[in-house]
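K.L.:
One structure, as structure tokens, below. Some questions next.
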Amino acid sequence: MDRFVFLTVDGLSRGAVYAAFALALVLIWRAARVVNFAQGAMAVAAAYVAYTVSTTTGSYWLGFVVAIVAGLLLGALVDRVVMRHVDHASPLNPVIVALGLVLLIQAVLGMVYGNEFRPAEAPFSRSALTVGGVAVLSPYDLFVFATIGVVVSGLAWLFARTPVGLRMRAAAFAPEVSRLLGVNVGGMLTLGWALASGVGALAAMLVMPTELGLHPHAMDLVFVSAFTAAVVGGLDSPPGAVVGGLVVGLLLSYVSGYAGSDLTPLAVLVLLLAVLLVRPGGLFAPVAARRV
Amino acid sequence: MSATRAALPPKRRPVEADDRPVDRRFHSTLLRHLAVVLAAGLLLVAVSYAIEPFRNFQLATVAAYLCATAGLTVLTGLNGQLSLGHGALMATGAYTVALCQNAFADRGMSGGWLLPLSLGAAIVSTVAVGAVVGVAAARLRGPYLAGVTLAVAIVVPALAVTFDGVFNGEQGLSVPVEPPPLSLGPYFPYERWQLWLTGAATLLALLLLANLIRSRYGRSFRAVRDDEVAARLAGIHVARTQVLAFVVSAATAGLGGALLAVLAQSVSPGAFSLTLSLFLLMAVVIGGLGRLTGALWGAVLLVALPDLTHSVTELFTLSPAVAQRLEGNLPLAIFGLTLIVVMIAAPGGIQGLLSRLGRRLRARRS
Amino acid sequence: MSAPDLLVVRGLVAGYGAAPVLQAIDLTVPAGTIAAVVGANGAGKTTLLRALSGMIRPAAGQVLLAGDELRGTPVEQLVRRGLAHVPEGRGVISELTVDENLRLGGLWRRDRADAGRALDEVYQLFEPLARRRRHLGHQLSGGERQMLALGRALVGRPRLLLLDEPSLGLAPRVVARTMALLRQLRDSTGLTVLLVEQNVRSALAVADQGVVMSLGRVVIAAPAVQLRDDVDLRHAYLGF
């Protein structure tokens, strides 16, 4: 029972990160109809920038803020310099370009920082507090929950309640009509990329200390897990991405805890295939994955 | 409507009138492809005597990659299915060949027919894996398909560690391969033999692919890529066609992986990472999607670019650590950048540029 | 017709590719009037509106709104110049609520207070919309969508309203109401309207000026009354 509680909390904490990362994927998918396969690599790049800042200044928090800013800028840059110029006639094209970005970013990081793991610092203790003899929650878990909670509700508020959010949604759903109504659609798209990339960078900062550390490929498996989470929730549904993230986090935690951590990659693949074959539109959105 | 009509097969004509021309066309393409393959084979043999052993080995590696890129270009370029999992399929072929060769060696078996048998087994096992992925893939589109195959690319090599009893974890397996037959003489360079082996296998695979592309199946592949609804109206079974394309592509990827394992005489999961899958995709895109000649350019790039960057980094006096970082990553960076630039500026790839250039030259001459 | 010309089009050439659809269009719409562009399918009516609002880039010619050149202005800037375009199919964003659709029409405005007033006025003008504020666009009937599209344009307080086929798919009663509303807006607020219509009778019934297009050219521009009542003209250009 203790173990179950521990695994549940651990899974939720991990799932919160997947949720944020999946949310970032959904943001770009809704805005640009592109699954940003480069999001993992972009987030790692932001985390490396934070690493440099933190090690030179000695301040974790300065690095943390810089990571998010770097993420925002990188997202805007990728949209303006690369994605804007890709012919979207075939859905293959943006995917291939995103993969080119993966190669490029990971290689540049490898050249600058080397291909070995660097330790990623956690700002709070990762050892669990015990409540009535049961190890429950570490201060770091609390930090993760709080941060993701703030980000998710902040995004929800932005999209539902603010004029910018309304513009962003309108631009995503009906770009041509939105332009006629005076919405700067291109700007909204860039803003969407920046926000998503910023959220991705934040997720990377949160997940790094719980994994092996900083490495150009550190987010590869996290990306697949988050993509699975987004698919579980339906690529078009932001609340779905959050729930999907928690589901995937829990599942992976149980698999890793009860069956061995070697099996978690396989579990992700099985879950992804199962969801796509049974409910291709995800569990929340009635949209078909198959576009014929 | 007119597009749909164009995709419809011709109405049934009297059998006598229909069969003969089709038959003759089939024979002539088959013969033409055979002639090209034979010429390429002869050229390869001649070249293998002209160049040094290391170049022989490199050319053999090109041939092995070409197997995989040719299969991938058929799948992605002709059938419109994106696969990021071909590195994993190559791994399947490579590990099968390793397991077979080890089993033969353990039982003390020897003979020239064992390697073809192992290669055949590699193809069969990859076809089985490809069929499973292909059935799933036929139900998926665009980013979903990319996501699933990405997961395959990341997860399958990790299985080598999960089941290290069979696959020996990160260490991998060795692949015992017999020396060239004595009938070729006692001093026959091993690398030349490797080139002959992989060259023969790859040319055979290319011959089959080239004929497939020209056949009814090839046309169905393209019809499904261009417009699924029209293809369905034209009586093409879309899902079956997509699975077939995936299986064919998997078979060649498996063969390519097996050949790579035979060349390296070892397999390990590190050789079949996600990066390899991305490399393959990028090679076919840069070469020119959907063309076998494009696959050739891609395969050449895969071998030549790391070699080239190696020579370039040697020109500068760098500290060993920096040199190592550059050598491992510079080709990747160049590949990534080229991929992006090609997709934005020249979606036809190298082969597209070449044929455009050729057309322009011909136009100028006439 | 002593009012100054709000819209002046001279020699406008535009199309989708090599062959231009519009061949040197000339057109003037005086301020505070309604002009109806009629003509057969494929005459280039929709293309004309799209070229005016910059959704396709004209190859040649002038588009003057109150004397200022519109060509080259980015599409998203045109609302700020006083031009509203209700596109074919009305362009209601079905994933947004009625209220969000309407607010979107006034988001660009600096004068937030007046944007709020304009929103209230639209809700008064179209009472059914006020009752369905929280409904999503795709839950509306055809008539309600029409109101929403018109209302959303009006929230921006435009000088010139471009309307593409407002009668399409609507019951005759609803069409009549829409046309009456356009008249009322013209008279009460001085709105200038350029509407494109297949439904020649109801268009000419409401318009001050009738413009007949055929194969990318303006074949005749005349007072609507004249087109409506002159049997010869009607026979020659409109076929009824």
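Within each chain, counting starts at residue 1; across the structure tokens, chains are named A, B, ... in the order shown, with ligands numbered 1 upward in that order.
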I want to know what sits within 6 Å of stretch 136-145 of chain B, based on only C-alpha atoms, with residues of the same chain fewer than 2 positions away left out; could you give that as an NGL selection string?

P.N.:
(:A and (91 or 290)) or (:B and (133-134 or 147-148 or 239 or 242))

K.L.:
Name all residues at most 12 Å from A:Val270 (count only C-alpha atoms; drop same-chain ones fewer than 5 positions away) and give them as a PyMOL selection string.

P.N.:
(chain A and resi 224-225+228+248+251-252+255+263-265+275-278) or (chain B and resi 133+136+148+151-152+155-156)

K.L.:
Show which residues sit within 12 Å of stretch 128-138 of chain A, as a list in words. Count only C-alpha atoms, and ignore same-chain residues fewer than 5 positions away.

P.N.:
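Here the answer would be Met1, Asp2, Arg3, Phe4, Val5, Phe6, Leu7, Thr8, Val9, Asp10, Gly11, Leu12, Ser13, Ala122, Pro123, Phe143, Val144, Phe145 and Thr210 of chain A.
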
K.L.:
Take the residues that were just selected and, keeping N, CA and C atoms, output them as a PDB file, in the first residue's frame.

P.N.:
ATOM      1  N   MET A   1       0.833  -1.199   0.000  1.00  0.00           N
ATOM      2  CA  MET A   1       0.000   0.000   0.000  1.00  0.00           C
ATOM      3  C   MET A   1       0.873   1.258   0.000  1.00  0.00           C
ATOM      4  N   ASP A   2       1.923   1.263   0.862  1.00  0.00           N
ATOM      5  CA  ASP A   2       2.832   2.413   0.891  1.00  0.00           C
ATOM      6  C   ASP A   2       3.424   2.650  -0.476  1.00  0.00           C
ATOM      7  N   ARG A   3       3.790   1.533  -1.092  1.00  0.00           N
ATOM      8  CA  ARG A   3       4.425   1.615  -2.386  1.00  0.00           C
ATOM      9  C   ARG A   3       3.447   2.196  -3.404  1.00  0.00           C
ATOM     10  N   PHE A   4       2.200   1.774  -3.292  1.00  0.00           N
ATOM     11  CA  PHE A   4       1.189   2.263  -4.225  1.00  0.00           C
ATOM     12  C   PHE A   4       1.033   3.777  -4.082  1.00  0.00           C
ATOM     13  N   VAL A   5       0.967   4.240  -2.846  1.00  0.00           N
ATOM     14  CA  VAL A   5       0.831   5.687  -2.616  1.00  0.00           C
ATOM     15  C   VAL A   5       2.034   6.413  -3.208  1.00  0.00           C
ATOM     16  N   PHE A   6       3.213   5.849  -2.919  1.00  0.00           N
ATOM     17  CA  PHE A   6       4.420   6.483  -3.418  1.00  0.00           C
ATOM     18  C   PHE A   6       4.406   6.563  -4.948  1.00  0.00           C
ATOM     19  N   LEU A   7       4.078   5.426  -5.568  1.00  0.00           N
ATOM     20  CA  LEU A   7       4.084   5.397  -7.040  1.00  0.00           C
ATOM     21  C   LEU A   7       3.036   6.338  -7.614  1.00  0.00           C
ATOM     22  N   THR A   8       1.898   6.445  -6.928  1.00  0.00           N
ATOM     23  CA  THR A   8       0.840   7.325  -7.418  1.00  0.00           C
ATOM     24  C   THR A   8       1.305   8.779  -7.399  1.00  0.00           C
ATOM     25  N   VAL A   9       1.884   9.171  -6.260  1.00  0.00           N
ATOM     26  CA  VAL A   9       2.343  10.558  -6.169  1.00  0.00           C
ATOM     27  C   VAL A   9       3.445  10.821  -7.185  1.00  0.00           C
ATOM     28  N   ASP A  10       4.372   9.851  -7.296  1.00  0.00           N
ATOM     29  CA  ASP A  10       5.460  10.006  -8.250  1.00  0.00           C
ATOM     30  C   ASP A  10       4.916  10.104  -9.677  1.00  0.00           C
ATOM     31  N   GLY A  11       3.936   9.257  -9.965  1.00  0.00           N
ATOM     32  CA  GLY A  11       3.334   9.256 -11.299  1.00  0.00           C
ATOM     33  C   GLY A  11       2.637  10.569 -11.584  1.00  0.00           C
ATOM     34  N   LEU A  12       1.934  11.104 -10.581  1.00  0.00           N
ATOM     35  CA  LEU A  12       1.234  12.368 -10.797  1.00  0.00           C
ATOM     36  C   LEU A  12       2.236  13.500 -11.033  1.00  0.00           C
ATOM     37  N   SER A  13       3.329  13.467 -10.295  1.00  0.00           N
ATOM     38  CA  SER A  13       4.324  14.522 -10.439  1.00  0.00           C
ATOM     39  C   SER A  13       4.966  14.467 -11.829  1.00  0.00           C
ATOM     40  N   ALA A 122      18.211  20.358  -8.605  1.00  0.00           N
ATOM     41  CA  ALA A 122      16.825  20.565  -8.173  1.00  0.00           C
ATOM     42  C   ALA A 122      16.822  21.648  -7.101  1.00  0.00           C
ATOM     43  N   PRO A 123      15.888  22.587  -7.182  1.00  0.00           N
ATOM     44  CA  PRO A 123      15.897  23.701  -6.233  1.00  0.00           C
ATOM     45  C   PRO A 123      15.381  23.296  -4.846  1.00  0.00           C
ATOM     46  N   PHE A 143       6.697  21.581  -5.582  1.00  0.00           N
ATOM     47  CA  PHE A 143       7.120  22.660  -6.471  1.00  0.00           C
ATOM     48  C   PHE A 143       6.625  22.397  -7.896  1.00  0.00           C
ATOM     49  N   VAL A 144       6.775  21.137  -8.336  1.00  0.00           N
ATOM     50  CA  VAL A 144       6.325  20.783  -9.696  1.00  0.00           C
ATOM     51  C   VAL A 144       4.824  21.004  -9.825  1.00  0.00           C
ATOM     52  N   PHE A 145       4.062  20.467  -8.859  1.00  0.00           N
ATOM     53  CA  PHE A 145       2.602  20.618  -8.927  1.00  0.00           C
ATOM     54  C   PHE A 145       2.214  22.091  -8.971  1.00  0.00           C
ATOM     55  N   THR A 210      14.728  14.946 -12.346  1.00  0.00           N
ATOM     56  CA  THR A 210      14.218  13.621 -11.991  1.00  0.00           C
ATOM     57  C   THR A 210      14.729  12.555 -12.946  1.00  0.00           C
TER      58      THR A 210
END

K.L.:
Applying 10 Å and only C-alpha atoms, which residues near A:Val207 remain after dropping the ones on its own chain fewer than 2 positions away? List them as a ChimeraX atom specification.

P.N.:
/A:13-14,16-18,120,122,144,201-205,209-214,218-219,222

K.L.:
Enter the distance from atom CA of C:Gln198 to atom CA of C:Val212, in Å, rounded to one decimal.

P.N.:
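A separation of 10.9 Å between them.
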
K.L.:
Name the closest residue to A:Val95 among the candidates A:Val49, A:Leu221, A:Ala171, A:Ala38; distances are taken between atoms, counting only C-alpha atoms.

P.N.:
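Among the listed residues, the smallest separation from A:Val95 belongs to A:Ala38.
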
K.L.:
Find the spatial neighbours of B:Ala131, counting only C-alpha atoms, within a cut-off of 12 Å - ignore same-chain residues fewer than 6 positions away - and output them as an NGL selection string.

P.N.:
:B and (89 or 123-125 or 137-138 or 239-251)
